[in-house]
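Source file: entry.cif; contents: mmCIF, N, CA and C atoms.
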data_structure
loop_
_atom_site.label_atom_id
_atom_site.label_comp_id
_atom_site.auth_asym_id
_atom_site.auth_seq_id
_atom_site.Cartn_x
_atom_site.Cartn_y
_atom_site.Cartn_z
N MET G 1467 48.04 30.81 -5.67
CA MET G 1467 49.30 30.23 -6.10
C MET G 1467 50.45 30.79 -5.26
N ALA G 1468 50.41 32.09 -4.98
CA ALA G 1468 51.47 32.69 -4.18
C ALA G 1468 51.47 32.12 -2.76
N LEU G 1469 50.27 31.87 -2.24
CA LEU G 1469 50.17 31.27 -0.90
C LEU G 1469 50.76 29.87 -0.89
N LEU G 1470 50.51 29.09 -1.94
CA LEU G 1470 51.07 27.75 -2.03
C LEU G 1470 52.59 27.80 -2.09
N LEU G 1471 53.15 28.68 -2.91
CA LEU G 1471 54.61 28.80 -3.01
C LEU G 1471 55.23 29.26 -1.69
N ARG G 1472 54.57 30.18 -1.01
CA ARG G 1472 55.07 30.65 0.29
C ARG G 1472 55.04 29.52 1.32
N THR G 1473 53.97 28.72 1.30
CA THR G 1473 53.86 27.59 2.23
C THR G 1473 54.94 26.56 1.94
N LEU G 1474 55.17 26.27 0.66
CA LEU G 1474 56.21 25.31 0.31
C LEU G 1474 57.59 25.83 0.69
N ALA G 1475 57.82 27.11 0.52
CA ALA G 1475 59.12 27.69 0.89
C ALA G 1475 59.33 27.62 2.39
N ARG G 1476 58.28 27.83 3.17
CA ARG G 1476 58.40 27.75 4.63
C ARG G 1476 58.70 26.34 5.10
N GLN G 1477 58.20 25.35 4.38
CA GLN G 1477 58.41 23.97 4.76
C GLN G 1477 59.74 23.43 4.27
N GLY G 1478 60.56 24.26 3.64
CA GLY G 1478 61.87 23.83 3.19
C GLY G 1478 61.85 23.14 1.83
N THR G 1479 60.75 23.33 1.10
CA THR G 1479 60.64 22.71 -0.21
C THR G 1479 61.12 23.69 -1.26
N CYS G 1480 61.86 23.18 -2.22
CA CYS G 1480 62.44 24.03 -3.25
C CYS G 1480 61.99 23.53 -4.61
N LEU G 1481 61.54 24.44 -5.45
CA LEU G 1481 61.08 24.05 -6.77
C LEU G 1481 62.15 24.26 -7.83
N SER G 1482 63.34 24.66 -7.45
CA SER G 1482 64.37 24.99 -8.43
C SER G 1482 65.28 23.81 -8.76
N ARG G 1483 65.03 22.61 -8.28
CA ARG G 1483 65.87 21.45 -8.54
C ARG G 1483 65.04 20.40 -9.28
N PRO G 1484 64.80 20.58 -10.57
CA PRO G 1484 63.90 19.69 -11.28
C PRO G 1484 64.42 18.27 -11.46
N GLN G 1485 65.74 18.04 -11.31
CA GLN G 1485 66.25 16.69 -11.51
C GLN G 1485 65.76 15.74 -10.42
N PHE G 1486 65.25 16.25 -9.33
CA PHE G 1486 64.74 15.41 -8.25
C PHE G 1486 63.22 15.38 -8.23
N GLY G 1487 62.59 15.82 -9.27
CA GLY G 1487 61.14 15.86 -9.30
C GLY G 1487 60.65 17.26 -9.00
N VAL G 1488 59.36 17.38 -8.80
CA VAL G 1488 58.76 18.69 -8.58
C VAL G 1488 59.19 19.26 -7.23
N PHE G 1489 59.17 18.46 -6.20
CA PHE G 1489 59.53 18.93 -4.87
C PHE G 1489 60.86 18.33 -4.46
N TYR G 1490 61.70 19.13 -3.89
CA TYR G 1490 63.02 18.68 -3.43
C TYR G 1490 63.20 19.15 -2.01
N ARG G 1491 63.64 18.28 -1.16
CA ARG G 1491 63.89 18.64 0.22
C ARG G 1491 65.23 18.06 0.63
N GLN G 1492 66.05 18.85 1.28
CA GLN G 1492 67.35 18.39 1.75
C GLN G 1492 67.15 17.39 2.88
N TRP G 1493 67.74 16.20 2.76
CA TRP G 1493 67.59 15.17 3.78
C TRP G 1493 68.57 15.45 4.90
N SER G 1494 68.09 15.39 6.12
CA SER G 1494 68.93 15.63 7.29
C SER G 1494 69.20 14.31 8.01
N VAL G 1495 70.15 14.35 8.92
CA VAL G 1495 70.49 13.15 9.68
C VAL G 1495 69.29 12.65 10.50
N PRO G 1496 68.58 13.52 11.23
CA PRO G 1496 67.41 13.01 11.98
C PRO G 1496 66.34 12.40 11.08
N MET G 1497 66.15 12.96 9.89
CA MET G 1497 65.15 12.42 8.97
C MET G 1497 65.57 11.03 8.49
N MET G 1498 66.84 10.89 8.12
CA MET G 1498 67.34 9.60 7.66
C MET G 1498 67.27 8.56 8.78
N MET G 1499 67.60 8.99 10.00
CA MET G 1499 67.58 8.05 11.13
C MET G 1499 66.16 7.62 11.45
N SER G 1500 65.20 8.51 11.30
CA SER G 1500 63.81 8.15 11.55
C SER G 1500 63.33 7.11 10.55
N ILE G 1501 63.66 7.33 9.29
CA ILE G 1501 63.27 6.39 8.24
C ILE G 1501 63.96 5.04 8.47
N THR G 1502 65.25 5.08 8.80
CA THR G 1502 66.00 3.85 9.03
C THR G 1502 65.49 3.11 10.25
N HIS G 1503 65.10 3.84 11.30
CA HIS G 1503 64.56 3.21 12.50
C HIS G 1503 63.28 2.44 12.17
N ARG G 1504 62.43 3.06 11.40
CA ARG G 1504 61.18 2.39 11.01
C ARG G 1504 61.46 1.20 10.10
N GLY G 1505 62.40 1.38 9.18
CA GLY G 1505 62.75 0.29 8.26
C GLY G 1505 63.35 -0.90 8.99
N THR G 1506 64.24 -0.64 9.95
CA THR G 1506 64.82 -1.75 10.70
C THR G 1506 63.77 -2.44 11.56
N GLY G 1507 62.83 -1.68 12.08
CA GLY G 1507 61.74 -2.28 12.86
C GLY G 1507 60.89 -3.21 12.01
N VAL G 1508 60.53 -2.75 10.82
CA VAL G 1508 59.73 -3.58 9.91
C VAL G 1508 60.54 -4.80 9.48
N GLY G 1509 61.82 -4.58 9.14
CA GLY G 1509 62.67 -5.69 8.71
C GLY G 1509 62.87 -6.73 9.79
N LEU G 1510 63.12 -6.27 11.02
CA LEU G 1510 63.32 -7.21 12.12
C LEU G 1510 62.06 -8.00 12.43
N SER G 1511 60.93 -7.32 12.48
CA SER G 1511 59.69 -8.04 12.78
C SER G 1511 59.33 -8.99 11.64
N GLY G 1512 59.57 -8.57 10.40
CA GLY G 1512 59.31 -9.47 9.26
C GLY G 1512 60.25 -10.66 9.26
N GLY G 1513 61.52 -10.43 9.57
CA GLY G 1513 62.49 -11.52 9.61
C GLY G 1513 62.20 -12.53 10.71
N ILE G 1514 61.85 -12.03 11.87
CA ILE G 1514 61.52 -12.92 12.98
C ILE G 1514 60.25 -13.71 12.67
N SER G 1515 59.26 -13.04 12.08
CA SER G 1515 58.02 -13.73 11.73
C SER G 1515 58.28 -14.80 10.66
N ALA G 1516 59.10 -14.48 9.66
CA ALA G 1516 59.41 -15.46 8.62
C ALA G 1516 60.19 -16.64 9.19
N PHE G 1517 61.16 -16.36 10.07
CA PHE G 1517 61.93 -17.43 10.69
C PHE G 1517 61.01 -18.34 11.52
N ALA G 1518 60.10 -17.76 12.28
CA ALA G 1518 59.18 -18.55 13.10
C ALA G 1518 58.24 -19.38 12.23
N LEU G 1519 57.75 -18.79 11.15
CA LEU G 1519 56.86 -19.52 10.25
C LEU G 1519 57.60 -20.68 9.58
N LEU G 1520 58.84 -20.42 9.13
CA LEU G 1520 59.62 -21.48 8.52
C LEU G 1520 59.94 -22.59 9.52
N ALA G 1521 60.19 -22.22 10.78
CA ALA G 1521 60.47 -23.23 11.80
C ALA G 1521 59.26 -24.13 12.03
N LEU G 1522 58.07 -23.58 11.87
CA LEU G 1522 56.86 -24.37 12.04
C LEU G 1522 56.54 -25.24 10.83
N VAL G 1523 56.85 -24.75 9.64
CA VAL G 1523 56.40 -25.40 8.41
C VAL G 1523 57.43 -26.38 7.84
N LEU G 1524 58.70 -26.03 7.88
CA LEU G 1524 59.72 -26.86 7.23
C LEU G 1524 59.93 -28.18 7.97
N PRO G 1525 60.17 -29.25 7.22
CA PRO G 1525 60.45 -30.52 7.88
C PRO G 1525 61.88 -30.52 8.42
N GLY G 1526 62.17 -31.39 9.31
CA GLY G 1526 63.51 -31.46 9.87
C GLY G 1526 63.62 -30.61 11.13
N SER G 1527 64.79 -30.69 11.74
CA SER G 1527 65.00 -29.96 12.99
C SER G 1527 66.09 -28.91 12.78
N TYR G 1528 66.28 -28.11 13.81
CA TYR G 1528 67.27 -27.03 13.75
C TYR G 1528 68.68 -27.55 13.46
N PRO G 1529 69.15 -28.63 14.10
CA PRO G 1529 70.50 -29.12 13.79
C PRO G 1529 70.67 -29.53 12.33
N TYR G 1530 69.61 -30.03 11.70
CA TYR G 1530 69.69 -30.40 10.29
C TYR G 1530 70.01 -29.18 9.43
N TYR G 1531 69.31 -28.08 9.66
CA TYR G 1531 69.52 -26.88 8.85
C TYR G 1531 70.83 -26.19 9.21
N LEU G 1532 71.26 -26.31 10.45
CA LEU G 1532 72.57 -25.77 10.83
C LEU G 1532 73.69 -26.53 10.12
N ASP G 1533 73.57 -27.85 10.06
CA ASP G 1533 74.54 -28.66 9.30
C ASP G 1533 74.50 -28.33 7.82
N LEU G 1534 73.32 -28.06 7.29
CA LEU G 1534 73.18 -27.68 5.89
C LEU G 1534 73.93 -26.38 5.60
N ILE G 1535 73.80 -25.41 6.48
CA ILE G 1535 74.49 -24.13 6.30
C ILE G 1535 76.00 -24.33 6.41
N HIS G 1536 76.44 -25.15 7.34
CA HIS G 1536 77.88 -25.44 7.48
C HIS G 1536 78.44 -26.15 6.25
N SER G 1537 77.63 -26.98 5.61
CA SER G 1537 78.10 -27.73 4.43
C SER G 1537 78.26 -26.83 3.21
N LEU G 1538 77.70 -25.63 3.23
CA LEU G 1538 77.82 -24.72 2.10
C LEU G 1538 79.23 -24.15 1.96
N SER G 1539 80.04 -24.23 2.99
CA SER G 1539 81.42 -23.73 3.00
C SER G 1539 81.49 -22.27 2.56
N ILE G 1540 80.72 -21.46 3.22
CA ILE G 1540 80.72 -20.02 2.94
C ILE G 1540 82.01 -19.43 3.49
N GLY G 1541 82.65 -18.58 2.72
CA GLY G 1541 83.91 -17.97 3.14
C GLY G 1541 83.73 -17.05 4.33
N PRO G 1542 84.83 -16.77 5.04
CA PRO G 1542 84.72 -15.93 6.24
C PRO G 1542 84.26 -14.50 5.95
N ALA G 1543 84.61 -13.97 4.79
CA ALA G 1543 84.19 -12.60 4.47
C ALA G 1543 82.68 -12.53 4.29
N LEU G 1544 82.13 -13.48 3.55
CA LEU G 1544 80.68 -13.50 3.32
C LEU G 1544 79.92 -13.82 4.61
N LEU G 1545 80.49 -14.71 5.41
CA LEU G 1545 79.87 -15.05 6.69
C LEU G 1545 79.87 -13.84 7.63
N GLY G 1546 80.99 -13.11 7.67
CA GLY G 1546 81.06 -11.90 8.50
C GLY G 1546 80.09 -10.83 8.03
N LEU G 1547 79.94 -10.70 6.70
CA LEU G 1547 78.98 -9.74 6.16
C LEU G 1547 77.55 -10.12 6.51
N ALA G 1548 77.26 -11.41 6.46
CA ALA G 1548 75.92 -11.88 6.83
C ALA G 1548 75.64 -11.64 8.31
N LYS G 1549 76.65 -11.89 9.14
CA LYS G 1549 76.49 -11.63 10.59
C LYS G 1549 76.27 -10.14 10.85
N PHE G 1550 77.02 -9.30 10.13
CA PHE G 1550 76.85 -7.85 10.29
C PHE G 1550 75.46 -7.43 9.83
N GLY G 1551 74.97 -8.06 8.77
CA GLY G 1551 73.63 -7.75 8.27
C GLY G 1551 72.53 -8.11 9.24
N ILE G 1552 72.80 -9.03 10.13
CA ILE G 1552 71.83 -9.38 11.16
C ILE G 1552 72.05 -8.53 12.41
N ALA G 1553 73.31 -8.33 12.80
CA ALA G 1553 73.63 -7.63 14.05
C ALA G 1553 73.37 -6.12 13.97
N PHE G 1554 73.68 -5.49 12.82
CA PHE G 1554 73.55 -4.04 12.75
C PHE G 1554 72.11 -3.56 12.89
N PRO G 1555 71.14 -4.10 12.14
CA PRO G 1555 69.77 -3.61 12.32
C PRO G 1555 69.26 -3.78 13.75
N LEU G 1556 69.60 -4.91 14.37
CA LEU G 1556 69.17 -5.14 15.75
C LEU G 1556 69.81 -4.13 16.70
N SER G 1557 71.10 -3.93 16.55
CA SER G 1557 71.81 -2.97 17.40
C SER G 1557 71.31 -1.55 17.17
N TYR G 1558 71.17 -1.17 15.90
CA TYR G 1558 70.73 0.18 15.56
C TYR G 1558 69.33 0.45 16.10
N HIS G 1559 68.42 -0.48 15.87
CA HIS G 1559 67.04 -0.28 16.30
C HIS G 1559 66.94 -0.20 17.82
N THR G 1560 67.72 -1.02 18.52
CA THR G 1560 67.71 -1.00 19.98
C THR G 1560 68.26 0.32 20.51
N LEU G 1561 69.42 0.73 20.01
CA LEU G 1561 70.05 1.96 20.51
C LEU G 1561 69.23 3.20 20.14
N ASN G 1562 68.66 3.21 18.95
CA ASN G 1562 67.83 4.35 18.57
C ASN G 1562 66.52 4.36 19.38
N GLY G 1563 66.04 3.17 19.76
CA GLY G 1563 64.88 3.11 20.64
C GLY G 1563 65.17 3.69 22.01
N ILE G 1564 66.38 3.43 22.51
CA ILE G 1564 66.79 4.04 23.79
C ILE G 1564 66.86 5.56 23.65
N ARG G 1565 67.35 6.02 22.51
CA ARG G 1565 67.38 7.47 22.23
C ARG G 1565 65.97 8.04 22.26
N HIS G 1566 65.02 7.32 21.69
CA HIS G 1566 63.63 7.78 21.70
C HIS G 1566 63.06 7.79 23.13
N LEU G 1567 63.50 6.86 23.97
CA LEU G 1567 63.03 6.87 25.36
C LEU G 1567 63.51 8.12 26.08
N PHE G 1568 64.74 8.55 25.78
CA PHE G 1568 65.22 9.81 26.36
C PHE G 1568 64.37 10.98 25.87
N TRP G 1569 64.01 10.96 24.59
CA TRP G 1569 63.16 12.02 24.06
C TRP G 1569 61.79 12.00 24.73
N ASP G 1570 61.28 10.80 25.02
CA ASP G 1570 59.98 10.71 25.69
C ASP G 1570 60.01 11.33 27.09
N SER G 1571 61.19 11.33 27.70
CA SER G 1571 61.31 11.96 29.01
C SER G 1571 61.58 13.46 28.91
N GLY G 1572 61.63 13.98 27.68
CA GLY G 1572 61.79 15.42 27.48
C GLY G 1572 63.24 15.88 27.39
N LYS G 1573 64.18 14.97 27.21
CA LYS G 1573 65.59 15.34 27.15
C LYS G 1573 66.13 15.18 25.73
N GLY G 1574 67.05 16.06 25.36
CA GLY G 1574 67.76 15.93 24.10
C GLY G 1574 67.04 16.46 22.88
N PHE G 1575 66.21 17.49 23.04
CA PHE G 1575 65.44 18.00 21.91
C PHE G 1575 66.07 19.19 21.19
N THR G 1576 67.15 19.76 21.73
CA THR G 1576 67.77 20.85 20.98
C THR G 1576 68.45 20.28 19.74
N LEU G 1577 68.56 21.09 18.71
CA LEU G 1577 69.09 20.59 17.45
C LEU G 1577 70.51 20.03 17.57
N PRO G 1578 71.43 20.68 18.29
CA PRO G 1578 72.76 20.07 18.43
C PRO G 1578 72.71 18.73 19.17
N GLU G 1579 71.84 18.60 20.18
CA GLU G 1579 71.72 17.33 20.91
C GLU G 1579 71.13 16.24 20.03
N VAL G 1580 70.19 16.60 19.16
CA VAL G 1580 69.58 15.62 18.25
C VAL G 1580 70.64 15.07 17.30
N TYR G 1581 71.45 15.96 16.74
CA TYR G 1581 72.51 15.51 15.84
C TYR G 1581 73.57 14.71 16.59
N ARG G 1582 73.98 15.20 17.76
CA ARG G 1582 75.02 14.51 18.54
C ARG G 1582 74.56 13.11 18.93
N SER G 1583 73.35 13.00 19.43
CA SER G 1583 72.85 11.67 19.83
C SER G 1583 72.68 10.76 18.62
N GLY G 1584 72.35 11.34 17.47
CA GLY G 1584 72.24 10.55 16.25
C GLY G 1584 73.58 9.96 15.84
N TYR G 1585 74.62 10.78 15.88
CA TYR G 1585 75.95 10.28 15.53
C TYR G 1585 76.45 9.25 16.54
N VAL G 1586 76.10 9.45 17.81
CA VAL G 1586 76.49 8.47 18.85
C VAL G 1586 75.79 7.14 18.59
N VAL G 1587 74.52 7.17 18.23
CA VAL G 1587 73.78 5.94 17.94
C VAL G 1587 74.40 5.21 16.75
N ILE G 1588 74.75 5.94 15.70
CA ILE G 1588 75.35 5.31 14.53
C ILE G 1588 76.69 4.68 14.89
N ALA G 1589 77.54 5.43 15.60
CA ALA G 1589 78.86 4.91 15.98
C ALA G 1589 78.74 3.69 16.90
N LEU G 1590 77.89 3.78 17.91
CA LEU G 1590 77.72 2.65 18.82
C LEU G 1590 77.11 1.43 18.13
N SER G 1591 76.24 1.66 17.17
CA SER G 1591 75.65 0.54 16.43
C SER G 1591 76.72 -0.20 15.64
N ILE G 1592 77.59 0.55 15.00
CA ILE G 1592 78.68 -0.08 14.24
C ILE G 1592 79.62 -0.83 15.18
N LEU G 1593 79.99 -0.19 16.28
CA LEU G 1593 80.93 -0.82 17.23
C LEU G 1593 80.33 -2.07 17.87
N THR G 1594 79.08 -2.00 18.30
CA THR G 1594 78.48 -3.18 18.93
C THR G 1594 78.25 -4.30 17.92
N SER G 1595 77.97 -3.96 16.68
CA SER G 1595 77.82 -4.99 15.64
C SER G 1595 79.15 -5.69 15.38
N ILE G 1596 80.23 -4.92 15.31
CA ILE G 1596 81.55 -5.51 15.11
C ILE G 1596 81.93 -6.37 16.30
N ALA G 1597 81.62 -5.90 17.52
CA ALA G 1597 81.91 -6.69 18.72
C ALA G 1597 81.10 -7.98 18.74
N ALA G 1598 79.86 -7.92 18.31
CA ALA G 1598 79.03 -9.12 18.26
C ALA G 1598 79.56 -10.12 17.24
N ILE G 1599 80.04 -9.64 16.12
CA ILE G 1599 80.61 -10.51 15.10
C ILE G 1599 81.89 -11.17 15.62
N ALA G 1600 82.71 -10.39 16.31
CA ALA G 1600 83.96 -10.93 16.86
C ALA G 1600 83.69 -11.98 17.94
N TYR G 1601 82.58 -11.80 18.67
CA TYR G 1601 82.23 -12.73 19.73
C TYR G 1601 81.66 -14.03 19.18
N MET G 1602 80.91 -13.96 18.08
CA MET G 1602 80.24 -15.15 17.53
C MET G 1602 81.21 -16.08 16.86
#

Rewrite the coordinates I just gave you, this time as structure tokens.
Amino acid sequence: MALLLRTLARQGTCLSRPQFGVFYRQWSVPMMMSITHRGTGVGLSGGISAFALLALVLPGSYPYYLDLIHSLSIGPALLGLAKFGIAFPLSYHTLNGIRHLFWDSGKGFTLPEVYRSGYVVIALSILTSIAAIAYM
């Protein structure tokens, strides 16, 4: 039992915070970014696959469905939010993938560089998403 507790303590696990369950671990920026990178990858591939499947199965052509969306008269705020919801995951996943390519070359592995590059990816993802929305 003492060996188990020592192992858990070394791994950063704390048993003194029962409101979060038996094991509690402080979430860091790199951990959150890793989870988000995987989530955006799954979401993007699922969205593209669903769009392709719907394009094959649904009757009608692309202009018909584009006119249908235009006829809904969605307000500019909701339309901008929808565009951001599409642009941000794509931008984030791409920029974080570039960050991973730098890591594959052996650069940027010190802890301050990992955090700095993480914050740069988040900031650039937001900025490029806003720029994409403004352009569309």

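Shell of G:Ile1588 at 9 Å, with only C-alpha atoms counted and residues fewer than 3 places along the chain excluded, is Met1499, Tyr1558, Leu1561, Asn1562, Ser1583, Gly1584, Tyr1585, Ser1591, Ile1592 and Leu1593 of chain G.
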
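Coordinates place atom C of G:Lys1549 at a distance of 21.6 Å from atom C of G:Ser1500.
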
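Distances here use only C-alpha atoms; by that measure, the residue among G:Gly1546, G:Gly1513, G:Pro1555, G:Pro1525 closest to G:Met1602 is G:Gly1546.
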
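Atom CA of G:Ala1553 lies 8.9 Å from atom N of G:Thr1594.
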
* To do: Return as a PyMOL selection string the full set of residues in stretch 1476-1573 of chain G whose backbone-based DSSP assignment is alpha helix (DSSP H).
  => chain G and resi 1476+1495-1523+1528-1537+1542-1570

Excluding same-chain residues fewer than 3 positions from G:Ser1595, what lies within 6.5 Å of it counting all atoms listed in the file, as a PDB file with N, CA and C atoms, in the frame of the given file?
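Contents of result-v4.pdb, as written:
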ATOM      1  N   PHE G1550      77.020  -9.300  10.130  1.00  0.00           N
ATOM      2  CA  PHE G1550      76.850  -7.850  10.290  1.00  0.00           C
ATOM      3  C   PHE G1550      75.460  -7.430   9.830  1.00  0.00           C
ATOM      4  N   ALA G1553      73.310  -8.330  12.800  1.00  0.00           N
ATOM      5  CA  ALA G1553      73.630  -7.630  14.050  1.00  0.00           C
ATOM      6  C   ALA G1553      73.370  -6.120  13.970  1.00  0.00           C
ATOM      7  N   PHE G1554      73.680  -5.490  12.820  1.00  0.00           N
ATOM      8  CA  PHE G1554      73.550  -4.040  12.750  1.00  0.00           C
ATOM      9  C   PHE G1554      72.110  -3.560  12.890  1.00  0.00           C
ATOM     10  N   SER G1557      71.100  -3.930  16.550  1.00  0.00           N
ATOM     11  CA  SER G1557      71.810  -2.970  17.400  1.00  0.00           C
ATOM     12  C   SER G1557      71.310  -1.550  17.170  1.00  0.00           C
ATOM     13  N   LEU G1590      77.890   3.780  17.910  1.00  0.00           N
ATOM     14  CA  LEU G1590      77.720   2.650  18.820  1.00  0.00           C
ATOM     15  C   LEU G1590      77.110   1.430  18.130  1.00  0.00           C
ATOM     16  N   SER G1591      76.240   1.660  17.170  1.00  0.00           N
ATOM     17  CA  SER G1591      75.650   0.540  16.430  1.00  0.00           C
ATOM     18  C   SER G1591      76.720  -0.200  15.640  1.00  0.00           C
ATOM     19  N   ILE G1592      77.590   0.550  15.000  1.00  0.00           N
ATOM     20  CA  ILE G1592      78.680  -0.080  14.240  1.00  0.00           C
ATOM     21  C   ILE G1592      79.620  -0.830  15.180  1.00  0.00           C
ATOM     22  N   ALA G1598      79.860  -7.920  18.310  1.00  0.00           N
ATOM     23  CA  ALA G1598      79.030  -9.120  18.260  1.00  0.00           C
ATOM     24  C   ALA G1598      79.560 -10.120  17.240  1.00  0.00           C
ATOM     25  N   ILE G1599      80.040  -9.640  16.120  1.00  0.00           N
ATOM     26  CA  ILE G1599      80.610 -10.510  15.100  1.00  0.00           C
ATOM     27  C   ILE G1599      81.890 -11.170  15.620  1.00  0.00           C
ATOM     28  N   ALA G1600      82.710 -10.390  16.310  1.00  0.00           N
ATOM     29  CA  ALA G1600      83.960 -10.930  16.860  1.00  0.00           C
ATOM     30  C   ALA G1600      83.690 -11.980  17.940  1.00  0.00           C
TER      31      ALA G1600
END

Model the absent atoms of stretch 1532-1548 of chain G so that N, CA, C and O atoms are present, and write the result as a tab-separated table (two decimals), in the frame of the given file.
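In the end it all went to out-v9.tsv:
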chain	number	residue	atom	x	y	z
G	1532	LEU	N	71.26	-26.31	10.45
G	1532	LEU	CA	72.57	-25.77	10.83
G	1532	LEU	C	73.69	-26.53	10.12
G	1532	LEU	O	74.63	-25.92	9.61
G	1533	ASP	N	73.57	-27.85	10.06
G	1533	ASP	CA	74.54	-28.66	9.30
G	1533	ASP	C	74.50	-28.33	7.82
G	1533	ASP	O	75.55	-28.31	7.15
G	1534	LEU	N	73.32	-28.06	7.29
G	1534	LEU	CA	73.18	-27.68	5.89
G	1534	LEU	C	73.93	-26.38	5.60
G	1534	LEU	O	74.63	-26.26	4.60
G	1535	ILE	N	73.80	-25.41	6.48
G	1535	ILE	CA	74.49	-24.13	6.30
G	1535	ILE	C	76.00	-24.33	6.41
G	1535	ILE	O	76.77	-23.77	5.62
G	1536	HIS	N	76.44	-25.15	7.34
G	1536	HIS	CA	77.88	-25.44	7.48
G	1536	HIS	C	78.44	-26.15	6.25
G	1536	HIS	O	79.59	-25.95	5.88
G	1537	SER	N	77.63	-26.98	5.61
G	1537	SER	CA	78.10	-27.73	4.43
G	1537	SER	C	78.26	-26.83	3.21
G	1537	SER	O	78.90	-27.22	2.24
G	1538	LEU	N	77.70	-25.63	3.23
G	1538	LEU	CA	77.82	-24.72	2.10
G	1538	LEU	C	79.23	-24.15	1.96
G	1538	LEU	O	79.58	-23.61	0.92
G	1539	SER	N	80.04	-24.23	2.99
G	1539	SER	CA	81.42	-23.73	3.00
G	1539	SER	C	81.49	-22.27	2.56
G	1539	SER	O	82.21	-21.91	1.63
G	1540	ILE	N	80.72	-21.46	3.22
G	1540	ILE	CA	80.72	-20.02	2.94
G	1540	ILE	C	82.01	-19.43	3.49
G	1540	ILE	O	82.41	-19.73	4.61
G	1541	GLY	N	82.65	-18.58	2.72
G	1541	GLY	CA	83.91	-17.97	3.14
G	1541	GLY	C	83.73	-17.05	4.33
G	1541	GLY	O	82.62	-16.59	4.63
G	1542	PRO	N	84.83	-16.77	5.04
G	1542	PRO	CA	84.72	-15.93	6.24
G	1542	PRO	C	84.26	-14.50	5.95
G	1542	PRO	O	83.59	-13.90	6.77
G	1543	ALA	N	84.61	-13.97	4.79
G	1543	ALA	CA	84.19	-12.60	4.47
G	1543	ALA	C	82.68	-12.53	4.29
G	1543	ALA	O	82.01	-11.63	4.81
G	1544	LEU	N	82.13	-13.48	3.55
G	1544	LEU	CA	80.68	-13.50	3.32
G	1544	LEU	C	79.92	-13.82	4.61
G	1544	LEU	O	78.86	-13.25	4.87
G	1545	LEU	N	80.49	-14.71	5.41
G	1545	LEU	CA	79.87	-15.05	6.69
G	1545	LEU	C	79.87	-13.84	7.63
G	1545	LEU	O	78.87	-13.56	8.29
G	1546	GLY	N	80.99	-13.11	7.67
G	1546	GLY	CA	81.06	-11.90	8.50
G	1546	GLY	C	80.09	-10.83	8.03
G	1546	GLY	O	79.46	-10.15	8.83
G	1547	LEU	N	79.94	-10.70	6.70
G	1547	LEU	CA	78.98	-9.74	6.16
G	1547	LEU	C	77.55	-10.12	6.51
G	1547	LEU	O	76.73	-9.26	6.84
G	1548	ALA	N	77.26	-11.41	6.46
G	1548	ALA	CA	75.92	-11.88	6.83
G	1548	ALA	C	75.64	-11.64	8.31
G	1548	ALA	O	74.54	-11.21	8.69
